[in-house]
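I have placed the structure first, in the form of structure tokens, so that the comments after it can refer back to it.
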Amino acid sequence: MGDCCLHRYASSRYGPGAVSSRNNSTTQKWTHFTCIHLRRLKTKSKLSGLGGGTEGFGFSWWGGGHAPISGSGSGGLFPGYYQVSCPQANDIVVSVLKRAISRDPRMAASLLRLHFHDCFVQGCDASVLLDSAAKIASEKNAGPNRNSLRGFDVIDEIKAELENACPQTVSCADILAMAARGSTVLSGGPSWELPLGRKDARTASLSLSNQNIPPPNSTIQTLISLFRRQGLNEIDLVSLSGGHTIGMARCTTFKQRLYNQNRNNQPDLTMERTYYLGLKSVCPQSGGDNNNSPLDASSPARFDNTYFKLILWGKGLLTSDQVLFSGNVGNTMQLVKRYAEDEGLFFEQFAKSMVRMGNIGALTGFKGEVRKNCRRVN
Ligand code: HEM
Ligand SMILES: [Ca+2]
Ligand SMILES: [Ca+2]
């Protein structure tokens, strides 16, 4: 069955070079949800991650046992955090995700990205979810986020169900982390044991959003240094960029490559020619800024390693994708090749790096709060 989804993409208008709707926020049908359903039946090992079956090992309230409370590299987070207080938390997250992704298959990608944009600003503390208020300049208005981030309604939906089941227990920051994992698994990607117990921030930082989130035209040096600033290395950079195996980007994020890459009115010559021509029809020199193109033109809704294969062929969509291969700094080129050759290796490293990213700046213990509504502080 593996290729029922691939088959559909190839024959759909989201195939290579395809343009999609101008609207970044409405539903876009990439594939039929049965693909995901079938895949889940087939790959049993992935079910454990989704169902939370393995979570809770090593958990202990009393700190006896072997609970990885400190010194675990997870900054005080641990997988069994909700095992007693809300054992169904992850099941609720996943059930809302299934509904949301079947309505709009792109939602998996949007939710994965939301966690990234949260973690790179003040850490993974759900700062990205706060609306503007008296003391809050919402991160939603920052350059990398405005007219771009999606999925806030789905997070609200998850939060509402969790508040019903376990009032004031599950933080919005943990919801983002669980939604990112669930979205990965439901798209055919790896699962991982997810450390939990993050608290939600009472502040947000629009200016740090503008500073910390890498722009799409970044050089390899910029990417490496913005990841390093978060305690992430080149391996994390390359594997996490593999998140671009799903989802879409607007014309405005790659237009420069097509028409004026080096301020000389010439395109980026590392782009494969037919791919380049297809992109030009999606993204004209003037206008069309909100036209979307898949980040992985072969399988935009399937979490696989084709993103890396396409980069080898000069078919990375963003400058930041292509420079991982062409940037000629450090080992990123080698890593792109290895992940293109070995999907298992990519999955394994992506899972590890997601845990590392998910641990950035987590608020634990008495720091922060568990918001009742993810859009505002209590
Ligand atoms: C390495 C630096 C990165 C850069 C420069 C970058 C840049 C971008 C840009 C420009 C877009 C399109 C936004 C738009 O059209 O409005 C995008 C989409 C996306 N990014 Fe990244 N990104 C990076 C890393 C990551 C990471 C680490 C992840 C997650 C692990 C991620 C996941 C995604 C996903 C899933 C989408 C598609 C979202 C959707 O379809 O709604 N990105 N990224
Ligand atoms: Ca944050
Ligand atoms: Ca893909």
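Quick note on naming: the chains in the structure tokens go A, B, ... in the order shown, residues restart at 1 in each chain, and ligands are numbered from 1 in order of appearance.
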
Practice item. Excluding stretch 352-358 of chain A and residues on its chain fewer than 3 positions from it, collect all residues at most 8 Å away from it, counting only C-alpha atoms, and give them as a PyMOL selection string. Key: chain A and resi 74+115-116+119+124+177+192+194-195+232+236+239-240+348-349+362

**Study point:** Env. residues ligand 2 / 10 Å / only C-alpha atoms and all ligand atoms / as a PyMOL selection string
**Key:** chain A and resi 114-130+139+173+200-201+203-205+208-209+360-362

Only C-alpha atoms, please: the residues just picked out, written as a short mmCIF file (atom, residue, chain, number, x, y, z; two decimals), in the first residue's frame.
data_model
loop_
_atom_site.label_atom_id
_atom_site.label_comp_id
_atom_site.auth_asym_id
_atom_site.auth_seq_id
_atom_site.Cartn_x
_atom_site.Cartn_y
_atom_site.Cartn_z
CA LEU A 114 4.07 25.34 15.15
CA HIS A 115 6.13 23.40 17.70
CA PHE A 116 9.36 24.48 15.97
CA HIS A 117 8.35 28.14 15.97
CA ASP A 118 7.44 27.86 19.63
CA CYS A 119 10.67 26.18 20.73
CA PHE A 120 12.98 28.65 18.97
CA VAL A 121 11.52 31.60 20.89
CA GLN A 122 11.89 31.55 24.70
CA GLY A 123 11.91 27.75 24.52
CA CYS A 124 8.99 25.32 24.16
CA ASP A 125 6.58 27.26 26.37
CA ALA A 126 3.57 27.86 24.10
CA SER A 127 4.53 31.54 23.80
CA VAL A 128 3.62 31.28 20.11
CA LEU A 129 -0.03 30.62 20.99
CA LEU A 130 -0.64 33.83 22.93
CA GLU A 139 4.44 36.30 18.19
CA ALA A 173 3.37 23.61 25.44
CA ASP A 200 3.25 27.58 29.70
CA ALA A 201 4.89 31.00 29.59
CA THR A 203 5.10 36.18 28.21
CA ALA A 204 5.78 36.13 24.50
CA SER A 205 8.47 37.74 22.38
CA LEU A 208 12.87 37.10 19.43
CA SER A 209 10.59 35.48 16.86
CA ILE A 360 14.73 23.76 24.65
CA GLY A 361 14.08 26.13 27.52
CA ALA A 362 11.28 24.10 29.03
#

Revision key, fill the gap. Across A:Asp304, A:Glu161, A:Asp321, A:Asp153, the smallest distance to ligand 1, with only C-alpha atoms and all ligand atoms counted, is shown by A:Asp321

Exercise for review: Please measure the separation of atom CA of A:Val370 and atom CA of A:Ser85, giving the value in Å to one decimal.
Suggested key: 13.2 Å

Exercise for review: Could you check how far atom CA of A:Asn141 sits from atom CA of A:Asn378, in Å to one decimal?
Suggested key: 21.3 Å

Review point. Counting only C-alpha atoms and all ligand atoms, what residues are within 8 Å of ligand 3, given as a PyMOL selection string?
Key: chain A and resi 244-246+296-307
